[in-house]
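For reference, the structure discussed in these notes is given below.
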Amino acid sequence: MDGPTSYRRALESGATVWELRTSWSRPYRGIVRPGWLDETGAATRVQDAVALMTGSDVLTGWAAAFAHGVAHVDGLDRSLRPLPVVVCSPGTGQHRVRPGLRPTRRALHQHEITRVGSVRVTTLARAAYDMALDAPDEQEALVAIDSCISTVRGASRTTRDRIEQVVSQHVKTRGIVRARSALALASPRAASPWESRTRHVAVRQAGIRDLLVNAPVFDTVGALAGVADLLVPSLGLVIESDGSGHREERTHAEDNHREEKLERLGLTVVRVSALDHRRSADLAARLRTAAAHARHRAAEARWTLTPPPWWETWEPGRRWG
């Protein structure tokens, strides 16, 4: 037995009563799991919930997206606190709220249910919709939708159209206005949660429009200068979003080299870290100042967004194509 299960099934699988009492954990009443499993990990928390599910229950929200294999979905909020696993109970029974588990009776259409292995889960479009409904604000709703529609992460994904279809089939649902608003801002080119958060601040608070997401920038002879996280072509403004991993020595050096290349081409570059998001009003003011500086900068533009012929056949370039 290598995952959570019922006490009875653990005994039937060969575990002894002594082992269950001394070296197994009990996440929920009647459910046991081997003590060596990481109880804080997303996979374990999802398995704990699955062990409780009845035949009519369906995993949704982040747990369903995690089961589908979506990148950057780890069951943690922006402060790295665990999110509860959401289980939809469309049948007559319903679970009670427990630590790490949040049951719901939201309306669920049959075509919004699928399976990952033997587990009943919502489709990825429906999972993204529920993640947006459960998000504390529009910014986190955007992060949820971006993660599920991204075409640049090499992971499972859905599309904006499919999520829009789900939204259109559910009315008068708490949080649906926020979900619609986030969907309008969503981009299939988003590559990380912090990048999505930076884009939200840039658009909603700083009032910056016409942002291109992960735009490859070339010099006039066709060499790649870098892929700009966010680019305002009319201003020549680049906004680079640094997540927590960007302060590692090697990544930091690569970021600096890319920034230098972009600035030599006449672009204005502003960097945003995860720490900057603690004061979003100050961050928005910084972005407005950078936009004003870029607007009045007299530097000659020596860059282009037109890809050279080699770009279409270069394997790394296909990710950003």
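Identifiers for the structure tokens are assigned positionally: chains receive A, B, ... in sequence, residues are indexed from 1 per chain, and ligands are indexed from 1 in the order shown.
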Discussion item. At a cut-off of 9 Å, using only C-alpha atoms, what residues contact Arg319 in chain A? Leave out same-chain residues fewer than 4 positions from it and give the result as JSON, numbers by chain.
Written reply: {"A": [151, 152, 153, 154, 315]}
Please, could you write that set of residues out with N, CA and C atoms as a PDB file, in the first residue's frame?
```pdb
ATOM      1  N   THR A 151       0.176  28.122 -23.358  1.00  0.00           N
ATOM      2  CA  THR A 151       0.712  27.295 -24.443  1.00  0.00           C
ATOM      3  C   THR A 151       2.234  27.228 -24.409  1.00  0.00           C
ATOM      4  N   VAL A 152       2.867  27.874 -23.428  1.00  0.00           N
ATOM      5  CA  VAL A 152       4.336  27.958 -23.418  1.00  0.00           C
ATOM      6  C   VAL A 152       4.970  27.120 -22.310  1.00  0.00           C
ATOM      7  N   ARG A 153       4.180  26.370 -21.569  1.00  0.00           N
ATOM      8  CA  ARG A 153       4.722  25.614 -20.451  1.00  0.00           C
ATOM      9  C   ARG A 153       4.949  24.142 -20.750  1.00  0.00           C
ATOM     10  N   GLY A 154       4.499  23.670 -21.887  1.00  0.00           N
ATOM     11  CA  GLY A 154       4.697  22.276 -22.228  1.00  0.00           C
ATOM     12  C   GLY A 154       3.960  21.334 -21.307  1.00  0.00           C
ATOM     13  N   GLU A 315      14.283  24.966 -32.571  1.00  0.00           N
ATOM     14  CA  GLU A 315      13.424  24.247 -31.623  1.00  0.00           C
ATOM     15  C   GLU A 315      13.034  25.087 -30.410  1.00  0.00           C
TER      16      GLU A 315
END
```
Discussion item. Excluding range 144-149 of chain A and its own-chain neighbours fewer than 5 positions away, which residues fall within 8 Å of it when counting only C-alpha atoms? Please give them as a list of chain:residue names.
Written reply: A:Ala65, A:Val70, A:Ala71, A:His72, A:Val73, A:Leu124, A:Ala125, A:Ala128, A:Tyr129, A:Met131, A:Ala132, A:Ser156, A:Arg157, A:Thr158, A:Thr159, A:Arg160, A:Ala182, A:Leu183, A:Ala186, A:Ser187, A:Pro188, A:Ala190, A:Ala191, A:Ser192, A:Pro193, A:Ser196
Take the selection from the previous step and output its residues with C-alpha atoms, as a PDB file, in the first residue's frame.
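Output (again_39.pdb):
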```pdb
ATOM      1  CA  ALA A  65      -5.869  20.875 -12.451  1.00  0.00           C
ATOM      2  CA  VAL A  70      -1.008  21.641 -15.197  1.00  0.00           C
ATOM      3  CA  ALA A  71       2.339  23.319 -14.526  1.00  0.00           C
ATOM      4  CA  HIS A  72       2.726  25.652 -11.521  1.00  0.00           C
ATOM      5  CA  VAL A  73      -0.405  24.320  -9.812  1.00  0.00           C
ATOM      6  CA  LEU A 124      -9.675  21.270 -17.067  1.00  0.00           C
ATOM      7  CA  ALA A 125     -11.925  24.093 -18.292  1.00  0.00           C
ATOM      8  CA  ALA A 128     -10.086  26.576 -14.122  1.00  0.00           C
ATOM      9  CA  TYR A 129     -13.557  28.086 -13.679  1.00  0.00           C
ATOM     10  CA  MET A 131     -10.297  27.981  -9.320  1.00  0.00           C
ATOM     11  CA  ALA A 132     -11.341  31.454 -10.468  1.00  0.00           C
ATOM     12  CA  SER A 156      -1.703  20.046 -20.040  1.00  0.00           C
ATOM     13  CA  ARG A 157      -3.905  22.970 -20.989  1.00  0.00           C
ATOM     14  CA  THR A 158      -7.354  24.052 -22.056  1.00  0.00           C
ATOM     15  CA  THR A 159      -8.462  27.160 -23.973  1.00  0.00           C
ATOM     16  CA  ARG A 160     -10.151  30.448 -23.209  1.00  0.00           C
ATOM     17  CA  ALA A 182     -10.098  37.670 -15.086  1.00  0.00           C
ATOM     18  CA  LEU A 183     -10.884  35.678 -18.217  1.00  0.00           C
ATOM     19  CA  ALA A 186      -6.076  36.063 -19.490  1.00  0.00           C
ATOM     20  CA  SER A 187      -3.280  35.186 -21.912  1.00  0.00           C
ATOM     21  CA  PRO A 188      -2.269  31.795 -23.331  1.00  0.00           C
ATOM     22  CA  ALA A 190       1.734  33.476 -19.670  1.00  0.00           C
ATOM     23  CA  ALA A 191       4.681  31.516 -18.322  1.00  0.00           C
ATOM     24  CA  SER A 192       4.549  31.923 -14.537  1.00  0.00           C
ATOM     25  CA  PRO A 193       2.190  32.984 -11.727  1.00  0.00           C
ATOM     26  CA  SER A 196       0.470  37.007 -14.403  1.00  0.00           C
TER      27      SER A 196
END
```
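Counting from CA of Arg126 in chain A, the distance to CA of Arg105 in chain A is 14.1 Å.
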Hey, which bits of range 85-189 of chain A sit within 10 Å of range 16-32 of chain A, and for each residue what's the closest pair of atoms and how far apart in Å (one decimal), counting only C-alpha atoms, rows by chain and increasing number, as CSV?
```
residue,atom,partner,partner_atom,distance
A:Arg98,CA,A:Tyr28,CA,8.2
A:Pro99,CA,A:Tyr28,CA,8.7
A:Gly100,CA,A:Pro27,CA,9.2
A:Leu101,CA,A:Tyr28,CA,9.9
```
Now that the selection is made, can you save its residues with N, CA and C atoms as an mmCIF file, in the first residue's frame?
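The resulting result.cif:
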```cif
data_model
loop_
_atom_site.group_PDB
_atom_site.id
_atom_site.type_symbol
_atom_site.label_atom_id
_atom_site.label_comp_id
_atom_site.auth_asym_id
_atom_site.auth_seq_id
_atom_site.Cartn_x
_atom_site.Cartn_y
_atom_site.Cartn_z
ATOM 1 N N ARG A 98 -13.643 19.744 6.617
ATOM 2 C CA ARG A 98 -12.580 19.242 7.475
ATOM 3 C C ARG A 98 -11.299 19.979 7.116
ATOM 4 N N PRO A 99 -10.294 19.894 7.962
ATOM 5 C CA PRO A 99 -9.017 20.537 7.623
ATOM 6 C C PRO A 99 -8.489 20.016 6.289
ATOM 7 N N GLY A 100 -8.233 20.938 5.376
ATOM 8 C CA GLY A 100 -7.695 20.552 4.076
ATOM 9 C C GLY A 100 -8.717 20.107 3.065
ATOM 10 N N LEU A 101 -10.001 20.092 3.438
ATOM 11 C CA LEU A 101 -11.057 19.630 2.523
ATOM 12 C C LEU A 101 -12.210 20.617 2.537
#
```
Practice prompt. Report as JSON, numbers by chain: the residues of range 174-220 of chain A with a DSSP assignment of helix (DSSP H, G or I), based on the backbone of this structure.
Written response: {"A": [176, 177, 178, 179, 180, 181, 182, 183, 184, 185, 193, 194, 195, 196, 197, 198, 199, 200, 201, 202, 203, 204, 205]}
Worksheet item: CA of Thr306 in chain A and CA of Arg199 in chain A are how many Å apart?
Response: 23.0 Å
Worksheet item: Mind pulling up the distance from CA of Phe218 in chain A to CA of Arg286 in chain A?
Response: 26.2 Å
Item to complete: Rank A:Leu265, A:Leu142, A:Ala206, A:Val119 by their smallest atom-to-atom distance to Leu283 in chain A, using only C-alpha atoms, and report the top residue only.
Response: A:Ala206
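Considering the residues A:Gly226, A:Thr123, A:Pro4, A:Arg204 and counting only C-alpha atoms, Leu37 in chain A has its shortest atom-to-atom contact with A:Pro4.
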Worksheet item: Which is closer to Arg120 in chain A than all the others in A:Asp137, A:Asp74, A:Asp57, A:Asp48, using only C-alpha atoms?
Response: A:Asp57
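In this comparison, which uses only C-alpha atoms, the residue of A:Lys172, A:Arg209, A:His293, A:Arg180 approaching Ala107 in chain A most closely is A:Lys172.
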